[in-house]
Structure formats: C-alpha cells, structure tokens
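target_25.txt, holding compact mmCIF, C-alpha atoms:
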```txt
# COMPACT_ATOMS: atom_id res chain seq x y z
CA MET A 1 -36.00 -65.40 77.81
CA LYS A 2 -35.25 -61.74 78.42
CA GLU A 3 -33.37 -60.63 81.51
CA THR A 4 -35.64 -59.86 84.47
CA SER A 5 -34.79 -57.85 87.57
CA VAL A 6 -34.37 -59.97 90.68
CA GLN A 7 -34.12 -59.05 94.33
CA ILE A 8 -32.00 -61.28 96.60
CA VAL A 9 -33.12 -61.00 100.22
CA TYR A 10 -30.80 -62.50 102.84
CA THR A 11 -31.63 -62.67 106.53
CA ASP A 12 -28.33 -62.31 108.40
CA PRO A 13 -28.37 -63.93 111.86
CA GLY A 14 -24.84 -62.63 112.54
CA GLY A 15 -21.84 -64.66 113.59
CA VAL A 16 -19.04 -66.33 111.67
CA GLY A 17 -20.93 -69.62 111.37
CA TYR A 18 -23.20 -68.25 108.63
CA HIS A 19 -20.54 -66.22 106.79
CA CYS A 20 -20.37 -68.86 104.05
CA VAL A 21 -24.12 -68.39 103.39
CA TYR A 22 -23.78 -64.59 103.43
CA TYR A 23 -20.90 -64.87 100.96
CA MET A 24 -23.07 -67.07 98.74
CA ALA A 25 -25.92 -64.52 98.87
CA ARG A 26 -23.54 -61.83 97.63
CA LEU A 27 -22.34 -64.13 94.86
CA ALA A 28 -25.94 -64.95 93.90
CA ALA A 29 -26.78 -61.25 93.60
CA GLU A 30 -23.71 -60.71 91.42
CA LEU A 31 -24.28 -63.65 89.07
CA LEU A 32 -28.06 -63.31 88.85
CA ASN A 33 -27.70 -59.58 88.18
CA GLY A 34 -29.78 -58.79 91.23
CA GLU A 35 -30.07 -56.35 94.10
CA LEU A 36 -29.02 -57.74 97.49
CA VAL A 37 -31.11 -56.69 100.48
CA VAL A 38 -29.80 -57.77 103.89
CA LEU A 39 -32.24 -57.96 106.80
CA ARG A 40 -31.99 -58.93 110.45
CA PRO A 41 -34.18 -61.72 111.85
CA GLY A 42 -37.42 -60.49 113.34
CA ARG A 43 -40.94 -61.56 114.24
CA PRO A 44 -43.72 -59.99 112.18
CA THR A 45 -46.57 -58.17 113.82
CA LEU A 46 -50.03 -59.70 113.88
CA VAL A 47 -51.03 -57.25 111.15
CA GLY A 48 -48.04 -58.40 109.09
CA GLN A 49 -48.97 -62.06 109.53
CA LEU A 50 -52.55 -61.36 108.47
CA GLY A 51 -51.18 -59.48 105.45
CA GLY A 52 -49.21 -62.57 104.51
CA ILE A 53 -52.43 -64.50 104.08
CA LEU A 54 -53.80 -62.05 101.51
CA PRO A 55 -53.25 -62.88 97.81
CA ARG A 56 -50.31 -61.33 95.96
CA ARG A 57 -50.67 -58.96 93.02
CA LYS A 58 -47.83 -60.35 90.94
CA ASP A 59 -45.57 -58.13 88.84
CA PRO A 60 -44.16 -60.29 86.01
CA SER A 61 -41.26 -57.91 85.42
CA SER A 62 -39.39 -58.89 88.61
CA ALA A 63 -38.66 -61.83 90.89
CA CYS A 64 -37.40 -62.38 94.44
CA LEU A 65 -35.16 -65.01 96.01
CA LEU A 66 -35.39 -65.25 99.80
CA ILE A 67 -32.28 -66.89 101.34
CA CYS A 68 -33.14 -68.12 104.83
CA PRO A 69 -30.58 -69.54 107.27
CA SER A 70 -33.50 -71.03 109.23
CA PRO A 71 -37.23 -71.65 108.65
CA GLY A 72 -38.18 -68.77 110.93
CA ASP A 73 -36.47 -66.41 108.50
CA LEU A 74 -39.34 -66.92 106.07
CA ASN A 75 -40.83 -64.08 108.13
CA SER A 76 -38.43 -61.79 106.25
CA ALA A 77 -40.73 -61.92 103.25
CA LEU A 78 -43.08 -59.65 105.18
CA GLN A 79 -40.30 -57.06 105.60
CA ILE A 80 -39.85 -56.56 101.85
CA GLN A 81 -41.23 -53.18 100.91
CA ASN A 82 -44.51 -53.49 99.00
CA TRP A 83 -43.86 -57.23 98.82
CA ARG A 84 -47.36 -58.25 97.80
CA ALA A 85 -47.21 -56.33 94.51
CA SER A 86 -43.47 -56.33 93.84
CA HIS A 87 -42.57 -59.71 92.38
CA GLY A 88 -43.89 -62.11 89.78
CA ARG A 89 -42.06 -65.04 91.37
CA LEU A 90 -41.17 -65.47 95.04
CA VAL A 91 -38.82 -68.38 95.82
CA ALA A 92 -37.38 -69.32 99.23
CA TRP A 93 -34.21 -71.32 99.95
CA VAL A 94 -34.02 -72.58 103.55
CA PHE A 95 -30.67 -73.86 104.85
CA ASP A 96 -31.39 -75.23 108.35
CA SER A 97 -34.49 -76.91 106.95
CA PHE A 98 -34.28 -79.71 109.55
CA TRP A 99 -36.30 -77.49 111.95
CA PRO A 100 -39.77 -77.78 110.31
CA ASP A 101 -41.44 -76.94 113.63
CA HIS A 102 -40.00 -73.43 113.19
CA ILE A 103 -41.92 -72.76 109.98
CA PRO A 104 -44.02 -69.64 110.74
CA ARG A 105 -47.70 -70.34 111.25
CA TRP A 106 -48.77 -67.83 108.62
CA VAL A 107 -46.62 -69.61 106.00
CA ARG A 108 -48.53 -72.84 106.64
CA SER A 109 -51.82 -71.21 105.73
CA THR A 110 -50.86 -69.18 102.66
CA ARG A 111 -49.85 -69.67 99.05
CA MET A 112 -47.36 -66.83 99.22
CA PHE A 113 -44.33 -68.72 97.90
CA ASP A 114 -44.06 -70.05 94.36
CA HIS A 115 -41.35 -72.56 95.29
CA VAL A 116 -39.37 -73.58 98.38
CA PHE A 117 -35.97 -75.30 98.39
CA VAL A 118 -34.49 -77.18 101.36
CA THR A 119 -30.91 -78.36 101.84
CA GLU A 120 -31.60 -81.87 103.18
CA GLN A 121 -33.41 -84.55 101.20
CA GLU A 122 -35.01 -86.03 104.31
CA ASP A 123 -36.84 -82.73 104.91
CA ILE A 124 -38.72 -82.72 101.61
CA ALA A 125 -41.69 -84.86 102.67
CA THR A 126 -42.34 -82.87 105.86
CA TRP A 127 -42.10 -79.53 104.08
CA ARG A 128 -44.38 -80.68 101.27
CA ALA A 129 -46.94 -81.70 103.87
CA THR A 130 -46.62 -78.36 105.67
CA VAL A 131 -46.49 -75.65 102.98
CA SER A 132 -48.61 -75.29 99.85
CA ALA A 133 -45.71 -74.44 97.51
CA PRO A 134 -43.69 -77.04 95.57
CA VAL A 135 -40.69 -78.16 97.65
CA ASP A 136 -37.43 -79.57 96.24
CA TRP A 137 -33.83 -80.24 97.26
CA LEU A 138 -31.11 -77.65 96.67
CA PRO A 139 -28.06 -78.63 98.72
CA TRP A 140 -25.09 -76.84 100.17
CA GLY A 141 -22.25 -75.85 97.86
CA SER A 142 -19.12 -73.73 97.62
CA ASP A 143 -17.54 -71.16 95.30
CA VAL A 144 -15.29 -73.83 93.81
CA LEU A 145 -14.59 -71.95 90.58
CA ASN A 146 -13.23 -68.81 92.26
CA LEU A 147 -11.97 -70.05 95.63
CA GLY A 148 -11.42 -73.80 95.21
CA SER A 149 -7.98 -75.36 94.89
CA ALA A 150 -6.11 -78.45 93.74
CA ASN A 151 -2.94 -77.17 95.42
CA PRO A 152 -0.45 -80.08 95.51
CA ILE A 153 1.71 -78.50 98.25
CA ARG A 154 -0.08 -78.79 101.61
CA PRO A 155 2.09 -78.15 104.67
CA LEU A 156 -0.81 -78.74 107.10
CA ASP A 157 -1.63 -82.37 107.80
CA LEU A 158 -4.72 -81.59 109.89
CA LEU A 159 -6.81 -78.42 110.26
CA ARG A 160 -9.39 -78.12 113.01
CA PHE A 161 -12.55 -76.63 111.50
CA GLY A 162 -15.50 -75.42 113.60
CA ARG A 163 -17.35 -77.25 116.37
CA GLN A 164 -15.72 -80.44 117.72
CA PRO A 165 -16.63 -83.15 120.26
CA THR A 166 -15.12 -82.71 123.71
CA GLU A 167 -12.26 -85.13 123.03
CA TRP A 168 -11.06 -82.94 120.15
CA ASP A 169 -11.94 -79.46 121.38
CA ASP A 170 -8.67 -78.46 123.09
CA ASP A 171 -6.40 -77.17 120.31
CA PRO A 172 -3.15 -76.93 122.35
CA SER A 173 -3.68 -80.53 123.44
CA ASN A 174 -4.49 -81.56 119.85
CA ALA A 175 -1.27 -79.92 118.69
CA ARG A 176 0.83 -81.82 121.26
CA HIS A 177 -0.72 -85.17 120.35
CA CYS A 178 -0.27 -84.45 116.64
CA GLN A 179 3.37 -83.45 117.16
CA SER A 180 4.06 -86.75 118.93
CA ARG A 181 2.90 -88.49 115.75
CA MET A 182 4.88 -86.18 113.43
CA LEU A 183 1.68 -84.49 112.21
CA SER A 184 1.40 -80.76 111.59
CA PHE A 185 -1.74 -79.26 113.12
CA GLN A 186 -3.60 -75.94 112.90
CA GLY A 187 -6.22 -74.99 115.48
CA ARG A 188 -9.49 -73.11 114.98
CA PRO A 189 -9.05 -70.46 112.25
CA PRO A 190 -9.70 -66.89 113.40
CA GLY A 191 -13.00 -65.45 112.18
CA LEU A 192 -13.05 -62.18 110.26
CA THR A 193 -15.92 -59.71 110.58
CA ASP A 194 -16.71 -59.38 106.86
CA ALA A 195 -18.24 -62.49 105.27
CA THR A 196 -16.35 -62.16 101.98
CA HIS A 197 -12.97 -61.56 103.63
CA ASN A 198 -13.63 -64.45 106.02
CA GLU A 199 -14.59 -66.89 103.26
CA ARG A 200 -11.56 -66.02 101.14
CA ALA A 201 -9.15 -66.31 104.08
CA LEU A 202 -10.71 -69.60 105.15
CA MET A 203 -10.52 -71.11 101.68
CA THR A 204 -6.85 -70.10 101.40
CA LEU A 205 -6.12 -71.87 104.68
CA LEU A 206 -8.12 -74.94 103.65
CA SER A 207 -6.10 -75.17 100.44
CA GLU A 208 -2.98 -75.70 102.57
CA ALA A 209 -4.43 -78.70 104.45
CA LYS A 210 -4.45 -82.38 103.55
CA PHE A 211 -7.22 -83.16 106.06
CA THR A 212 -9.78 -81.10 107.94
CA LEU A 213 -11.52 -82.21 111.12
CA ALA A 214 -15.34 -82.21 111.25
CA PHE A 215 -17.84 -84.34 113.16
CA SER A 216 -21.57 -84.81 112.74
CA ASN A 217 -23.83 -83.19 115.33
CA ARG A 218 -24.74 -86.75 116.41
CA VAL A 219 -21.40 -87.00 118.22
CA SER A 220 -20.60 -83.28 118.45
CA PRO A 221 -23.73 -81.50 119.68
CA GLY A 222 -23.98 -77.78 120.34
CA LEU A 223 -26.50 -75.20 121.45
CA GLN A 224 -27.76 -74.65 117.90
CA THR A 225 -27.56 -78.21 116.56
CA HIS A 226 -30.53 -80.51 116.10
CA PRO A 227 -30.74 -83.23 118.79
CA ASN A 228 -31.24 -86.14 116.39
CA ARG A 229 -31.37 -84.99 112.74
CA GLU A 230 -27.96 -85.17 111.04
CA TYR A 231 -27.05 -82.85 108.19
CA ILE A 232 -24.24 -81.51 106.06
CA THR A 233 -22.93 -77.93 106.34
CA GLY A 234 -20.39 -75.66 104.64
CA ARG A 235 -17.59 -77.26 106.67
CA TRP A 236 -17.76 -80.26 104.38
CA THR A 237 -18.37 -78.51 101.07
CA ASP A 238 -15.75 -75.77 101.58
CA SER A 239 -13.14 -78.31 102.69
CA LEU A 240 -13.67 -80.46 99.62
CA ALA A 241 -13.76 -77.46 97.27
CA ALA A 242 -10.32 -76.53 98.60
CA GLY A 243 -9.08 -80.07 97.87
CA ALA A 244 -8.92 -81.28 101.49
CA ILE A 245 -10.29 -84.58 102.80
CA VAL A 246 -12.73 -84.36 105.72
CA ALA A 247 -11.72 -86.57 108.65
CA GLY A 248 -14.13 -87.26 111.49
CA ILE A 249 -17.59 -88.78 111.58
CA PRO A 250 -19.76 -87.72 108.64
CA PRO A 251 -23.50 -87.11 109.00
CA ARG A 252 -25.73 -90.09 108.26
CA SER A 253 -27.97 -88.39 105.72
CA GLU A 254 -29.27 -88.89 102.22
CA SER A 255 -27.56 -85.68 101.12
CA VAL A 256 -24.14 -87.05 102.07
CA GLN A 257 -24.86 -90.23 100.11
CA SER A 258 -26.08 -88.29 97.05
CA LEU A 259 -23.67 -85.36 97.10
CA LEU A 260 -20.27 -86.65 98.23
CA TRP A 261 -17.93 -89.37 96.94
CA PRO A 262 -16.02 -92.11 98.83
CA GLU A 263 -12.60 -90.44 98.57
CA SER A 264 -13.92 -87.20 100.11
CA LEU A 265 -14.21 -88.57 103.65
CA LEU A 266 -12.03 -90.33 106.21
CA ASP A 267 -14.46 -91.90 108.69
CA LEU A 268 -12.70 -92.22 112.05
CA GLY A 269 -15.45 -94.43 113.45
CA SER A 270 -15.43 -92.85 116.92
CA VAL A 271 -14.51 -89.63 118.74
CA ASN A 272 -11.57 -91.30 120.49
CA ARG A 273 -8.68 -88.95 119.73
CA ALA A 274 -5.85 -91.44 120.07
CA GLU A 275 -7.51 -93.91 117.72
CA GLY A 276 -8.48 -91.14 115.32
CA LEU A 277 -4.97 -89.71 115.13
CA GLU A 278 -3.56 -93.14 114.32
CA LEU A 279 -5.96 -93.38 111.38
CA ILE A 280 -5.12 -89.84 110.27
CA ALA A 281 -1.37 -90.45 110.55
CA SER A 282 -1.69 -93.55 108.38
CA ALA A 283 -3.79 -91.64 105.83
CA VAL A 284 -1.28 -88.79 105.74
CA ARG A 285 1.51 -91.24 104.91
CA GLU A 286 -0.57 -92.53 101.98
CA TRP A 287 -1.71 -89.07 100.82
CA THR A 288 -0.66 -87.85 97.35
CA PRO A 289 -1.49 -84.64 95.45
CA ASP A 290 -3.89 -86.72 93.33
CA ARG A 291 -6.28 -86.70 96.33
CA ALA A 292 -6.47 -82.90 96.27
CA ARG A 293 -6.93 -82.87 92.50
CA LEU A 294 -9.74 -85.42 92.74
CA ASN A 295 -11.64 -83.51 95.46
CA TYR A 296 -11.30 -80.24 93.56
CA ALA A 297 -12.44 -81.82 90.28
CA LYS A 298 -15.43 -83.53 91.90
CA SER A 299 -16.33 -80.32 93.71
CA LEU A 300 -16.45 -78.44 90.41
CA GLU A 301 -18.92 -81.03 89.12
CA TYR A 302 -21.10 -81.44 92.20
CA LEU A 303 -20.62 -78.58 94.67
CA ASP A 304 -20.13 -75.31 92.82
CA TRP A 305 -22.75 -72.72 93.75
CA ARG A 306 -23.30 -71.96 90.05
CA TRP A 307 -25.16 -75.26 89.60
CA ARG A 308 -27.52 -74.11 92.36
CA PHE A 309 -27.92 -70.66 90.79
CA LYS A 310 -28.78 -72.28 87.47
CA THR A 311 -31.63 -74.19 89.14
CA LEU A 312 -32.77 -71.02 90.90
CA SER A 313 -32.74 -68.94 87.72
CA GLU A 314 -34.93 -71.53 85.99
CA THR A 315 -37.34 -71.63 88.94
CA LEU A 316 -37.44 -67.83 89.19
CA GLN A 317 -37.98 -67.74 85.42
CA ILE A 318 -35.18 -65.24 84.93
CA ARG A 319 -32.11 -65.13 82.73
CA SER A 320 -28.73 -63.59 83.50
CA SER A 321 -26.00 -63.22 80.88
CA ARG A 322 -23.48 -63.06 83.71
CA LEU A 323 -24.57 -66.48 84.97
CA ASP A 324 -24.48 -67.83 81.40
CA THR A 325 -20.88 -66.67 81.12
CA GLU A 326 -19.94 -68.18 84.47
CA MET A 327 -21.59 -71.51 83.60
CA ALA A 328 -19.61 -71.61 80.38
CA ARG A 329 -16.42 -70.89 82.34
CA LEU A 330 -17.25 -73.62 84.86
CA CYS A 331 -17.88 -76.20 82.14
CA SER A 332 -14.67 -75.18 80.40
CA VAL A 333 -12.62 -75.74 83.55
CA ILE A 334 -14.29 -79.12 84.09
CA GLN A 335 -13.66 -80.16 80.50
CA ALA A 336 -10.04 -79.07 80.75
CA GLY A 337 -9.72 -81.57 83.60
CA HIS A 338 -11.31 -84.27 81.45
CA HIS A 339 -14.47 -84.43 83.53
CA ASP A 340 -18.00 -84.63 82.17
CA PRO A 341 -19.75 -81.27 82.92
CA THR A 342 -23.19 -82.83 82.43
CA LYS A 343 -22.78 -85.04 85.50
CA HIS A 344 -23.72 -82.53 88.15
CA VAL A 345 -26.09 -83.21 91.02
CA LEU A 346 -29.00 -81.00 89.98
```

Serialized structure, structure tokens:
Amino acid sequence: MKETSVQIVYTDPGGVGYHCVYYMARLAAELLNGELVVLRPGRPTLVGQLGGILPRRKDPSSACLLICPSPGDLNSALQIQNWRASHGRLVAWVFDSFWPDHIPRWVRSTRMFDHVFVTEQEDIATWRATVSAPVDWLPWGSDVLNLGSANPIRPLDLLRFGRQPTEWDDDPSNARHCQSRMLSFQGRPPGLTDATHNERALMTLLSEAKFTLAFSNRVSPGLQTHPNREYITGRWTDSLAAGAIVAGIPPRSESVQSLLWPESLLDLGSVNRAEGLELIASAVREWTPDRARLNYAKSLEYLDWRWRFKTLSETLQIRSSRLDTEMARLCSVIQAGHHDPTKHVL
C-alpha cells in the first residue's frame, strides 16, 4: 500500500483535562505522516447541517481522522474546508462516547462517516443503532514508548491525580494524614498551558510515584461527569504507563476488565480516607520495583497509542513508514523485556 496523505482534525475544548488527548492528536499526526488541524467546538449552521446530508465526492488520494473529545464534536467535520470532496476515507474517534444523546442530529441521518470508534465497549450497541457507519472499540492509551517508565526509585508514595471525592479533595489535609502514617504525598500537579509540555511534565512526576489516587465518577462526580455511566480516562492509562499503581475505586466497565490487569489497581472499597490510607500504607510496605516494571511492561503491550494508530491506519487505508518504524521499535522493546508483542488488545 502506498503512502496516502491524511489530515488529523482535533477539536480542542480547552482546559488541562483534555491535554492528554491533544498530545495524542499531535503524536498521531507525526506518526501517520499527517497534517494536524485544530478547531474549536462549534455548532454548525442549518445550511451546514443540510450540507452534511448530501453525498460525498470521495478523493481516494487522501483520508481524514476526526478526533472528538465528545460526540458533539462530530460537528467539526462540517468545518473542514471542502470536506465533501477532500477525503476518500473519513473516520471519527470519539472519546466521551458515553453521551450518545449528544450525537448531532444530522449525523444520525447521513452516511458521512466511513467508520466510527468509541472508547467504551458498552457504548458500541447504542452507537451502532444510532449511526449508519460501522462502530468499533478503540480505547484510551498512553505514549508508553516515549514517556512511560519502569523507574525503580520512587520517592512519592501517593500522588493525587485529578478529580477526587470530597473526603480526598483537601490536599493539605491529605498530606497531614499521610505524614502521620509515614507516607510521602504530592497534591494536585500544576497544569501547564501547552499540551505537550503538560503531558511530559505529568509523566515525569508519575514516574516518581508508587501509587496514584483516582476514583470512578460513580463515587467522585463532577460537573462534566456522566451521572451513572462509568468509564476509564487518561488518569488510569498514564499512571500505569509511568509504572504507578492506581489506588481508589476503579470504574465498573467492560473496558477496565478487558484493558487492565489485576496488579494495576488497588481497590480501596470505599471513599473513607482513614480506611483507604491504611490499605495504601500496607501496600506501600509491600511494594517492590517489580511492580513498576510489570505495569510498564503491560502498558507497552496493551496501552501504547501506537497499537491504536495501527488500527486507525488500517481503517483509513493508509500506510506510514514512520508508524512502521515506531511499531518495530515498540515490538523490539517488548521483546527485550521478554514479553509477547502479539498479545496486544486490538
């Protein structure tokens, strides 16, 4: 297959919370030898929606990957210049796919997309019933090969990472309670403006931690979380890629069961801080560098973004020599650690 030009379109909602997705979009453009176009979320005009219903005049010499933080960002397809005649293949990858009610109405009544990927397995049936394109699972990941770590020296026992339930949300109080149990604690990491700088700084910090703290939205709701659908996010995949174990309450989802491994999680059972810290303190005493090496090795096999890009390149019907080289490098690193590179999730 000859190399085909590809356009990577990412809809940036702003904010540190989606920096890991923005970083991935940049990496996808680099490894798929594509042009990255960054758009802001917006609602299409009525004329634009009607235009979305019209058939495409496909150009077989190019393809487009639309990376959507939420279903509503499928509207971004209508912002691509001359979109109806520009691309032979148009593929969408939706991250917060657990909001199917937010799928734009015009998408429901058109065959615009050649393929749609969602990040949660439970969402597949609903999406298949809603859109005309084939729908499959393409889960969260991390840049394990470049930013992951099996660092055996981890001065941080516990790192607070992102949104927390009320009982765990006060970092100065967390620090005092950790200190009384001889645990070292780091509060919420500062967010950097640039997505790449932020992701690199975060992964460096994660590589210094034995455990990170993350709770499912079921017990740690927020303004943007789903009220009853649980799901995995980059907090879990980035932590594991950096060799850390995720302590808290994991999401009850098929993706967690399919994607993660028993040693990756420390289920605290409740949001009670005192009880949770006792479990963490006991786990810290039992921790060895082998735990970091295991999480890093498993992350190379199951979580590296390159496995996702390989699936995307096949679906887009494109070939990139850069991705071929990176896949060879990934498999080489896995083999050097005596792990089977064929046992990846997708």

Checklist line | Separation of atom CA of A:Arg89 from atom CA of A:Ala29 in Å | finding: 15.9 Å

Note to self: Please list as JSON, numbers by chain every residue within 12 Å of A:Val246, counting only C-alpha atoms and excluding residues in the same chain fewer than 5 positions away.
What the structure shows: {"A": [157, 158, 159, 160, 161, 206, 209, 210, 211, 212, 213, 214, 215, 216, 232, 234, 235, 236, 237, 238, 239, 240, 241, 251, 260, 261, 262, 263, 264, 265, 266, 267, 268, 280, 283, 291, 292, 295]}

Notebook entry, point to check: What is the atom CA of A:Arg108 to atom CA of A:Gly88 distance in Å?
Noted result: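 Rounded to one decimal, the two atoms are 20.5 Å apart.
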
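With atom CA of A:Glu208 on one side and atom CA of A:Ala150 on the other, the separation reads 9.8 Å.
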
Checklist line | Non-local contacts of A:Asp170 (12 Å; all atoms listed in the file; under 4 positions in same chain excluded) as a PyMOL selection string | finding: chain A and resi 160+163-166+174-177+186-188+273

Protein and nucleic acid residues near (-42.0, -70.2, 96.8) (cut-off 9 Å, all atoms listed in the file) as a CSV table (one decimal) with C-alpha atoms, in the frame of the given file:
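Below you can see part_24.csv, which holds the result:
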```csv
chain,number,residue,atom,x,y,z
A,65,LEU,CA,-35.2,-65.0,96.0
A,66,LEU,CA,-35.4,-65.2,99.8
A,89,ARG,CA,-42.1,-65.0,91.4
A,90,LEU,CA,-41.2,-65.5,95.0
A,91,VAL,CA,-38.8,-68.4,95.8
A,92,ALA,CA,-37.4,-69.3,99.2
A,93,TRP,CA,-34.2,-71.3,100.0
A,111,ARG,CA,-49.8,-69.7,99.0
A,112,MET,CA,-47.4,-66.8,99.2
A,113,PHE,CA,-44.3,-68.7,97.9
A,114,ASP,CA,-44.1,-70.0,94.4
A,115,HIS,CA,-41.4,-72.6,95.3
A,116,VAL,CA,-39.4,-73.6,98.4
A,117,PHE,CA,-36.0,-75.3,98.4
A,132,SER,CA,-48.6,-75.3,99.8
A,133,ALA,CA,-45.7,-74.4,97.5
A,134,PRO,CA,-43.7,-77.0,95.6
A,135,VAL,CA,-40.7,-78.2,97.6
```

Compile the contact shell of A:Leu147 as a CSV table (one decimal) with C-alpha atoms, in the frame of the given file: residues with an atom at most 8 Å away, counting only C-alpha atoms, same-chain residues fewer than 3 positions apart removed.
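Final output, saved to selection.csv:
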```csv
chain,number,residue,atom,x,y,z
A,143,ASP,CA,-17.5,-71.2,95.3
A,144,VAL,CA,-15.3,-73.8,93.8
A,200,ARG,CA,-11.6,-66.0,101.1
A,203,MET,CA,-10.5,-71.1,101.7
A,204,THR,CA,-6.8,-70.1,101.4
A,241,ALA,CA,-13.8,-77.5,97.3
A,242,ALA,CA,-10.3,-76.5,98.6
```
